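As stored in target22.cif (mmCIF, C-alpha atoms):
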data_structure
#
loop_
_atom_site.label_atom_id
_atom_site.label_comp_id
_atom_site.auth_asym_id
_atom_site.auth_seq_id
_atom_site.Cartn_x
_atom_site.Cartn_y
_atom_site.Cartn_z
CA MET A 794 -61.02 -55.42 120.45
CA VAL A 795 -64.15 -54.19 122.21
CA ASN A 796 -66.08 -56.02 124.91
CA THR A 797 -69.62 -56.78 123.78
CA ASP A 798 -70.93 -58.91 126.63
CA SER A 799 -74.68 -59.40 126.92
CA PRO A 800 -76.50 -57.81 129.89
CA THR A 801 -77.02 -61.21 131.48
CA SER A 802 -73.67 -62.89 130.90
CA PRO A 803 -70.67 -60.78 132.02
CA THR A 804 -67.43 -62.32 130.81
CA GLU A 805 -63.89 -61.85 132.08
CA ARG A 806 -61.67 -61.22 129.12
CA PRO A 807 -58.00 -62.18 128.99
CA THR A 808 -57.44 -58.43 129.19
CA GLY A 809 -58.75 -58.39 132.73
CA PHE A 810 -62.03 -56.51 132.60
CA SER A 811 -65.66 -56.96 131.70
CA ALA A 812 -68.09 -54.55 130.07
CA VAL A 813 -71.76 -55.33 130.58
CA ARG A 814 -74.80 -53.43 129.34
CA ASP A 815 -77.54 -52.93 131.92
CA GLY A 816 -80.22 -50.93 130.15
CA ARG A 817 -78.78 -47.47 129.56
CA VAL A 818 -75.88 -48.15 131.94
CA LEU A 819 -72.58 -49.61 130.76
CA ARG A 820 -70.85 -51.32 133.70
CA VAL A 821 -67.09 -51.72 133.30
CA THR A 822 -65.31 -53.78 135.95
CA LEU A 823 -61.58 -54.43 136.31
CA THR A 824 -61.31 -58.14 137.03
CA LYS A 825 -57.83 -58.91 138.33
CA PRO A 826 -58.37 -58.71 142.09
CA LYS A 827 -55.34 -60.91 142.84
CA ARG A 828 -53.21 -58.25 141.11
CA LYS A 829 -55.18 -55.46 142.82
CA ASN A 830 -56.60 -54.72 139.36
CA ALA A 831 -53.26 -53.57 137.98
CA LEU A 832 -53.42 -52.91 134.24
CA ASP A 833 -51.13 -54.35 131.60
CA TYR A 834 -50.75 -52.95 128.10
CA ASP A 835 -53.49 -55.11 126.58
CA SER A 836 -55.91 -54.07 129.32
CA MET A 837 -55.31 -50.38 128.72
CA VAL A 838 -55.67 -50.72 124.94
CA ALA A 839 -58.91 -52.71 125.22
CA LEU A 840 -60.35 -50.40 127.88
CA GLY A 841 -59.63 -47.40 125.69
CA GLU A 842 -61.39 -49.08 122.79
CA THR A 843 -64.37 -49.89 125.02
CA PHE A 844 -64.81 -46.24 126.00
CA LEU A 845 -64.35 -45.10 122.40
CA ALA A 846 -67.04 -47.57 121.31
CA ALA A 847 -69.36 -46.38 124.07
CA ALA A 848 -68.98 -42.83 122.75
CA GLN A 849 -70.59 -43.96 119.49
CA ASP A 850 -73.49 -45.79 121.17
CA LYS A 851 -76.37 -43.34 121.55
CA SER A 852 -78.20 -45.76 123.85
CA VAL A 853 -75.52 -45.52 126.55
CA ARG A 854 -76.40 -42.79 129.04
CA VAL A 855 -73.85 -43.41 131.81
CA VAL A 856 -70.81 -45.62 132.50
CA VAL A 857 -69.99 -47.08 135.92
CA LEU A 858 -66.33 -48.04 136.32
CA THR A 859 -65.19 -50.12 139.29
CA GLY A 860 -62.71 -52.78 140.38
CA GLU A 861 -63.51 -56.31 141.48
CA GLY A 862 -62.51 -57.14 145.05
CA GLY A 863 -61.10 -54.77 147.63
CA ASP A 864 -59.20 -52.33 145.39
CA PHE A 865 -59.96 -50.12 142.42
CA CYS A 866 -56.65 -50.13 140.51
CA THR A 867 -53.02 -50.07 141.61
CA GLY A 868 -51.66 -48.75 138.33
CA ALA A 869 -49.56 -50.42 135.66
CA ASP A 870 -48.85 -54.12 136.12
CA LEU A 871 -45.06 -54.17 136.42
CA ALA A 872 -45.12 -57.97 136.56
CA ALA A 873 -46.17 -57.95 132.91
CA SER A 874 -43.27 -55.76 131.78
CA ALA A 875 -40.86 -58.58 130.87
CA GLU A 876 -43.46 -60.41 128.78
CA GLU A 877 -44.53 -57.17 127.10
CA GLY A 878 -40.92 -56.35 126.28
CA ALA A 879 -40.50 -59.77 124.68
CA ARG A 880 -43.49 -58.94 122.47
CA GLY A 881 -41.88 -55.67 121.37
CA ILE A 882 -44.12 -53.45 123.48
CA THR A 883 -42.17 -50.34 124.43
CA ALA A 884 -42.59 -47.87 127.28
CA ASP A 885 -43.82 -45.31 124.74
CA MET A 886 -46.53 -47.72 123.61
CA VAL A 887 -47.66 -48.29 127.21
CA MET A 888 -47.76 -44.54 127.86
CA ASP A 889 -49.74 -43.97 124.66
CA ALA A 890 -52.26 -46.64 125.70
CA ALA A 891 -52.67 -45.08 129.15
CA ASN A 892 -53.04 -41.58 127.72
CA ARG A 893 -55.57 -42.76 125.15
CA LEU A 894 -57.63 -44.43 127.89
CA VAL A 895 -57.66 -41.32 130.10
CA ARG A 896 -58.52 -39.11 127.14
CA ALA A 897 -61.34 -41.50 126.12
CA ILE A 898 -62.88 -41.28 129.60
CA VAL A 899 -62.69 -37.49 129.62
CA ASP A 900 -64.04 -37.19 126.07
CA LEU A 901 -66.88 -39.70 126.48
CA PRO A 902 -70.08 -37.75 125.73
CA VAL A 903 -71.89 -39.16 128.77
CA PRO A 904 -70.91 -39.12 132.44
CA VAL A 905 -68.57 -41.69 133.95
CA ILE A 906 -69.06 -42.71 137.58
CA VAL A 907 -66.16 -44.34 139.41
CA ARG A 908 -66.64 -46.56 142.46
CA LEU A 909 -63.53 -46.75 144.64
CA ARG A 910 -62.55 -49.24 147.30
CA GLY A 911 -59.13 -49.85 148.82
CA ALA A 912 -56.11 -48.72 146.83
CA THR A 913 -56.10 -46.42 143.84
CA ALA A 914 -52.49 -45.86 142.82
CA GLY A 915 -50.26 -44.94 139.90
CA VAL A 916 -52.08 -44.55 136.62
CA GLY A 917 -55.20 -45.72 138.46
CA VAL A 918 -55.35 -42.23 140.01
CA GLY A 919 -55.50 -40.61 136.57
CA ILE A 920 -58.14 -43.07 135.40
CA ALA A 921 -60.30 -42.44 138.46
CA LEU A 922 -60.02 -38.66 138.37
CA ALA A 923 -60.74 -38.55 134.63
CA ALA A 924 -64.30 -39.55 135.57
CA ASP A 925 -67.08 -37.09 136.29
CA LEU A 926 -68.32 -38.47 139.61
CA VAL A 927 -66.13 -40.38 142.07
CA TYR A 928 -67.63 -42.21 145.05
CA ALA A 929 -65.26 -43.81 147.54
CA GLU A 930 -65.39 -46.04 150.58
CA ALA A 931 -64.07 -44.37 153.73
CA ASP A 932 -61.01 -46.59 154.12
CA SER A 933 -59.87 -46.20 150.50
CA TYR A 934 -56.99 -43.97 149.43
CA LEU A 935 -55.12 -42.38 146.52
CA LEU A 936 -51.38 -42.84 146.07
CA LEU A 937 -48.93 -41.31 143.60
CA ALA A 938 -45.80 -43.18 144.67
CA PHE A 939 -43.83 -42.68 141.45
CA ILE A 940 -41.26 -40.42 143.14
CA ASN A 941 -40.34 -43.27 145.48
CA ILE A 942 -38.95 -45.29 142.55
CA GLY A 943 -37.43 -42.42 140.56
CA LEU A 944 -40.39 -41.77 138.26
CA MET A 945 -43.01 -39.04 137.80
CA PRO A 946 -46.84 -39.20 137.84
CA ASP A 947 -48.57 -40.17 134.61
CA GLY A 948 -52.10 -40.82 133.38
CA GLY A 949 -52.75 -37.08 133.34
CA ALA A 950 -52.47 -36.87 137.14
CA ALA A 951 -50.46 -33.64 136.97
CA ALA A 952 -53.47 -31.90 135.44
CA LEU A 953 -56.35 -33.90 136.92
CA VAL A 954 -55.35 -33.50 140.58
CA ALA A 955 -54.54 -29.83 140.18
CA ALA A 956 -57.78 -29.15 138.29
CA ALA A 957 -59.87 -30.59 141.12
CA ALA A 958 -57.87 -29.61 144.19
CA GLY A 959 -55.20 -27.12 143.19
CA ARG A 960 -51.43 -27.08 142.77
CA PRO A 961 -50.47 -27.44 146.47
CA LEU A 962 -52.22 -30.79 146.88
CA ALA A 963 -50.97 -32.00 143.48
CA ALA A 964 -47.41 -31.15 144.58
CA ARG A 965 -47.90 -32.85 147.95
CA MET A 966 -49.12 -36.07 146.35
CA ALA A 967 -46.53 -36.09 143.56
CA LEU A 968 -43.45 -34.98 145.52
CA LEU A 969 -44.01 -36.77 148.83
CA GLY A 970 -45.45 -39.99 147.43
CA GLU A 971 -47.69 -40.57 150.45
CA ARG A 972 -51.20 -41.98 150.71
CA LEU A 973 -54.09 -39.53 150.63
CA PRO A 974 -56.98 -41.07 152.62
CA ALA A 975 -60.47 -40.84 151.14
CA PRO A 976 -61.83 -38.34 153.72
CA ALA A 977 -58.94 -35.97 152.97
CA ALA A 978 -59.39 -36.46 149.22
CA HIS A 979 -63.07 -35.60 149.59
CA ALA A 980 -62.31 -32.53 151.69
CA GLU A 981 -59.89 -31.33 149.00
CA GLY A 982 -62.48 -31.74 146.24
CA LEU A 983 -61.14 -34.88 144.53
CA PHE A 984 -64.13 -37.10 145.39
CA THR A 985 -67.84 -36.55 144.94
CA ASP A 986 -68.64 -38.31 148.22
CA VAL A 987 -67.15 -40.73 150.75
CA LEU A 988 -69.34 -43.49 152.18
CA ALA A 989 -68.89 -45.41 155.42
CA GLY A 990 -69.09 -48.94 153.99
CA THR A 991 -69.61 -51.02 150.86
CA GLU A 992 -73.40 -51.07 151.11
CA GLU A 993 -73.56 -47.30 151.40
CA LEU A 994 -71.05 -46.95 148.55
CA ASP A 995 -73.05 -49.20 146.26
CA ALA A 996 -76.28 -47.39 147.11
CA ALA A 997 -74.76 -43.99 146.29
CA VAL A 998 -73.29 -45.20 142.99
CA GLU A 999 -76.54 -46.87 141.94
CA ALA A 1000 -78.61 -43.82 142.85
CA ALA A 1001 -76.40 -41.57 140.73
CA ALA A 1002 -76.36 -44.04 137.82
CA GLU A 1003 -80.14 -44.44 137.94
CA LYS A 1004 -80.74 -40.70 137.91
CA ILE A 1005 -78.32 -40.00 135.07
CA SER A 1006 -79.58 -42.95 133.01
CA HIS A 1007 -82.97 -41.23 132.75
CA GLY A 1008 -81.52 -37.80 132.07
CA PRO A 1009 -81.45 -35.83 128.78
CA ARG A 1010 -78.48 -37.20 126.84
CA ARG A 1011 -77.65 -34.09 124.83
CA ALA A 1012 -77.82 -31.86 127.91
CA LEU A 1013 -75.55 -34.27 129.78
CA GLU A 1014 -73.09 -34.24 126.87
CA LEU A 1015 -72.95 -30.45 126.56
CA THR A 1016 -72.71 -29.97 130.33
CA LYS A 1017 -69.79 -32.41 130.59
CA LYS A 1018 -68.06 -30.80 127.61
CA ALA A 1019 -68.39 -27.30 129.10
CA LEU A 1020 -67.08 -28.40 132.49
CA ASN A 1021 -64.09 -30.16 130.95
CA ARG A 1022 -63.24 -27.26 128.64
CA ALA A 1023 -63.31 -24.89 131.61
CA THR A 1024 -61.19 -27.02 133.94
CA LEU A 1025 -59.01 -29.43 131.93
CA THR A 1026 -57.35 -27.07 129.45
CA ALA A 1027 -53.91 -28.35 130.50
CA LEU A 1028 -54.66 -32.07 130.20
CA ASP A 1029 -53.14 -32.63 126.75
CA THR A 1030 -50.02 -30.73 127.77
CA ALA A 1031 -49.74 -32.78 130.96
CA LEU A 1032 -50.15 -36.06 129.05
CA ALA A 1033 -47.41 -35.06 126.60
CA ASP A 1034 -45.05 -33.87 129.35
CA GLU A 1035 -45.64 -37.03 131.38
CA LYS A 1036 -44.94 -39.26 128.38
CA ALA A 1037 -41.69 -37.45 127.54
CA GLY A 1038 -40.55 -37.30 131.16
CA GLN A 1039 -41.41 -40.90 131.95
CA ALA A 1040 -39.57 -42.14 128.84
CA GLU A 1041 -36.42 -40.45 130.13
CA LEU A 1042 -36.84 -41.54 133.74
CA LEU A 1043 -37.50 -45.18 132.88
CA GLN A 1044 -33.93 -45.34 131.55
CA SER A 1045 -32.37 -43.57 134.52
CA PRO A 1046 -30.12 -45.08 137.23
CA ASP A 1047 -32.52 -43.70 139.84
CA PHE A 1048 -35.37 -45.78 138.47
CA PHE A 1049 -33.31 -48.96 138.48
CA GLU A 1050 -32.26 -48.22 142.05
CA GLY A 1051 -35.82 -47.38 143.10
CA ALA A 1052 -37.34 -50.45 141.46
CA GLY A 1053 -34.63 -52.68 142.90
CA ALA A 1054 -35.16 -51.24 146.37
CA MET A 1055 -38.91 -51.78 146.12
CA LEU A 1056 -38.50 -55.40 145.04
CA GLY A 1057 -35.86 -55.94 147.72
CA LYS A 1058 -37.97 -54.22 150.37
CA ARG A 1059 -35.21 -51.80 151.29
CA LYS A 1060 -34.79 -48.04 151.28
CA ALA A 1061 -33.71 -46.59 147.95
CA VAL A 1062 -30.45 -44.63 147.78
CA PHE A 1063 -30.63 -42.24 144.87
CA ALA A 1064 -27.68 -40.52 143.15
CA GLU A 1065 -26.26 -37.41 144.76
#
When written as structure tokens, how does the structure in this file appear?
Amino acid sequence: MVNTDSPTSPTERPTGFSAVRDGRVLRVTLTKPKRKNALDYDSMVALGETFLAAAQDKSVRVVVLTGEGGDFCTGADLAASAEEGARGITADMVMDAANRLVRAIVDLPVPVIVRLRGATAGVGVGIALAADLVYAEADSYLLLAFINIGLMPDGGAAALVAAAAGRPLAARMALLGERLPAPAAHAEGLFTDVLAGTEELDAAVEAAAEKISHGPRRALELTKKALNRATLTALDTALADEKAGQAELLQSPDFFEGAGAMLGKRKAVFAE
């Protein structure tokens, strides 16, 4: 399924996002603010299909990806796991959907601009950093908290963080599981710019989208391709390693302890 909303009538799909054409700009908005724009399996599949469809549309010059409300995306929607399991959706299927979405953003022939507010966590980090330009509000942050519940980063984060900011910061985020505030993320090279407030953020995103929308499409495509080939050579390896590792960890006693501790609001005690 692909969103085909008209430019004047954005529609929230059951999958939790809208895709609206605005001239040469495709505006994709995650629309589950009460869930902090967490993504379930259906959302990730449909988003991936939306980006793949955009790749075939020669009239699209730039995509703006954002989240409704105060957060960008807090990762996979764990609340949907039981229902997904009842439908026969496996962890491998969820990982494949996430990987396909990240790959579709990276491979899109035209630039993707991400607008960040509030929390960007879990697979949301990979989705955000797969984009070409990332603008963030000053009080927003990135969080790879997988280690706190016995898991590992996914969504290509192992490659995407390291490609932008180097191995030391990638290790810090992945192994310590602590928030990285927007100013620090910008200083480390993960963000294009950090803006003081929402008005400034919106102005910066719109200025970039407007400029790119009138740019030479083929030159944009070849520039993006060259940059990605030079910097993201390890992305496919990272996606495969993350899928294999996460499949193992999701069955581990440490994950069950970590998830139980999180739900019970207590400190996890992992195996010796």
Got a sec: who's within 10 Å of Leu922 of chain A, counting all atoms listed in the file, leaving out chain neighbours fewer than 6 positions off, as a list in words?
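Everything that qualifies: Val895, Ile898, Val899, Ile906, Val907, Gly948, Gly949, Ala950, Ala952, Leu953, Val954, Ala956, Ala957, Leu983 and Phe984 of chain A.
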Once the PyMOL selection byres ((chain A and resi 855-869) around 6) has been applied to the shown file, what residues remain in the selection, as a PyMOL selection string?
chain A and resi 818-824+826+829-833+853-854+870-871+903-917+1006
Can you give me, as a VMD selection string, the residues this file yields under the PyMOL selection byres ((chain A and resi 1040) around 12)?
chain A and resid 883 to 889 943 to 947 1033 to 1039 1041 to 1045 1048
So, with all atoms listed in the file as the atoms that count, which of A:Glu1003, A:Glu930, A:Asp1029, A:Glu876 lies closest to Pro976 of chain A?
A:Glu930
So how far away is atom CA of Ala890 of chain A from atom CA of Ala846 of chain A, in Å?
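Interatomic distance here is 15.4 Å.
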Here is a test: counting all atoms listed in the file, which residue of A:Gln849, A:Ser836, A:Asn941, A:Ser933 is nearest to Gly990 of chain A?
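Once distances to Gly990 of chain A are computed over all atoms listed in the file, the minimum belongs to A:Ser933.
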Selected residue of minimal separation from Leu1028 of chain A among A:Gly919, A:Gly816, A:Gly809, A:Gly841, counting all atoms listed in the file
A:Gly919
Would you mind completing segment 810-830 of chain A so that it carries N, CA, C and O atoms, and writing it out as a tab-separated table (two decimals), in the coordinates of the input?
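Result file rebuild.tsv:
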chain	number	residue	atom	x	y	z
A	810	PHE	N	-60.88	-57.33	132.23
A	810	PHE	CA	-62.03	-56.51	132.60
A	810	PHE	C	-63.25	-57.04	131.88
A	810	PHE	O	-63.16	-57.80	130.92
A	811	SER	N	-64.42	-56.63	132.38
A	811	SER	CA	-65.66	-56.96	131.70
A	811	SER	C	-66.44	-55.68	131.45
A	811	SER	O	-66.28	-54.70	132.18
A	812	ALA	N	-67.22	-55.68	130.39
A	812	ALA	CA	-68.09	-54.55	130.07
A	812	ALA	C	-69.48	-55.10	129.79
A	812	ALA	O	-69.66	-55.87	128.84
A	813	VAL	N	-70.43	-54.73	130.62
A	813	VAL	CA	-71.76	-55.33	130.58
A	813	VAL	C	-72.81	-54.24	130.46
A	813	VAL	O	-72.82	-53.29	131.25
A	814	ARG	N	-73.70	-54.38	129.48
A	814	ARG	CA	-74.80	-53.43	129.34
A	814	ARG	C	-75.92	-53.80	130.30
A	814	ARG	O	-76.35	-54.94	130.40
A	815	ASP	N	-76.43	-52.79	131.00
A	815	ASP	CA	-77.54	-52.93	131.92
A	815	ASP	C	-78.51	-51.80	131.61
A	815	ASP	O	-78.48	-50.74	132.24
A	816	GLY	N	-79.35	-52.01	130.61
A	816	GLY	CA	-80.22	-50.93	130.15
A	816	GLY	C	-79.39	-49.81	129.55
A	816	GLY	O	-78.59	-50.04	128.64
A	817	ARG	N	-79.54	-48.61	130.07
A	817	ARG	CA	-78.78	-47.47	129.56
A	817	ARG	C	-77.44	-47.31	130.26
A	817	ARG	O	-76.69	-46.38	129.95
A	818	VAL	N	-77.13	-48.21	131.17
A	818	VAL	CA	-75.88	-48.15	131.94
A	818	VAL	C	-74.88	-49.16	131.38
A	818	VAL	O	-75.21	-50.32	131.17
A	819	LEU	N	-73.67	-48.70	131.12
A	819	LEU	CA	-72.58	-49.61	130.76
A	819	LEU	C	-71.72	-49.79	132.01
A	819	LEU	O	-71.18	-48.82	132.56
A	820	ARG	N	-71.61	-51.03	132.48
A	820	ARG	CA	-70.85	-51.32	133.70
A	820	ARG	C	-69.51	-51.95	133.32
A	820	ARG	O	-69.47	-53.05	132.75
A	821	VAL	N	-68.44	-51.25	133.61
A	821	VAL	CA	-67.09	-51.72	133.30
A	821	VAL	C	-66.39	-52.06	134.61
A	821	VAL	O	-66.31	-51.22	135.51
A	822	THR	N	-65.92	-53.30	134.71
A	822	THR	CA	-65.31	-53.78	135.95
A	822	THR	C	-63.92	-54.35	135.67
A	822	THR	O	-63.77	-55.22	134.81
A	823	LEU	N	-62.92	-53.86	136.38
A	823	LEU	CA	-61.58	-54.43	136.31
A	823	LEU	C	-61.60	-55.74	137.08
A	823	LEU	O	-62.09	-55.79	138.21
A	824	THR	N	-61.08	-56.80	136.48
A	824	THR	CA	-61.31	-58.14	137.03
A	824	THR	C	-60.01	-58.90	137.31
A	824	THR	O	-59.89	-60.09	137.01
A	825	LYS	N	-59.05	-58.23	137.89
A	825	LYS	CA	-57.83	-58.91	138.33
A	825	LYS	C	-57.59	-58.62	139.82
A	825	LYS	O	-56.59	-58.00	140.19
A	826	PRO	N	-58.51	-59.06	140.67
A	826	PRO	CA	-58.37	-58.71	142.09
A	826	PRO	C	-57.10	-59.24	142.74
A	826	PRO	O	-56.56	-58.61	143.67
A	827	LYS	N	-56.58	-60.38	142.26
A	827	LYS	CA	-55.34	-60.91	142.84
A	827	LYS	C	-54.14	-60.02	142.53
A	827	LYS	O	-53.13	-60.07	143.25
A	828	ARG	N	-54.25	-59.22	141.47
A	828	ARG	CA	-53.21	-58.25	141.11
A	828	ARG	C	-53.63	-56.84	141.52
A	828	ARG	O	-53.06	-55.86	141.04
A	829	LYS	N	-54.63	-56.75	142.39
A	829	LYS	CA	-55.18	-55.46	142.82
A	829	LYS	C	-55.61	-54.63	141.61
A	829	LYS	O	-55.50	-53.41	141.60
A	830	ASN	N	-56.09	-55.34	140.59
A	830	ASN	CA	-56.60	-54.72	139.36
A	830	ASN	C	-55.57	-53.84	138.64
A	830	ASN	O	-55.92	-52.85	137.99
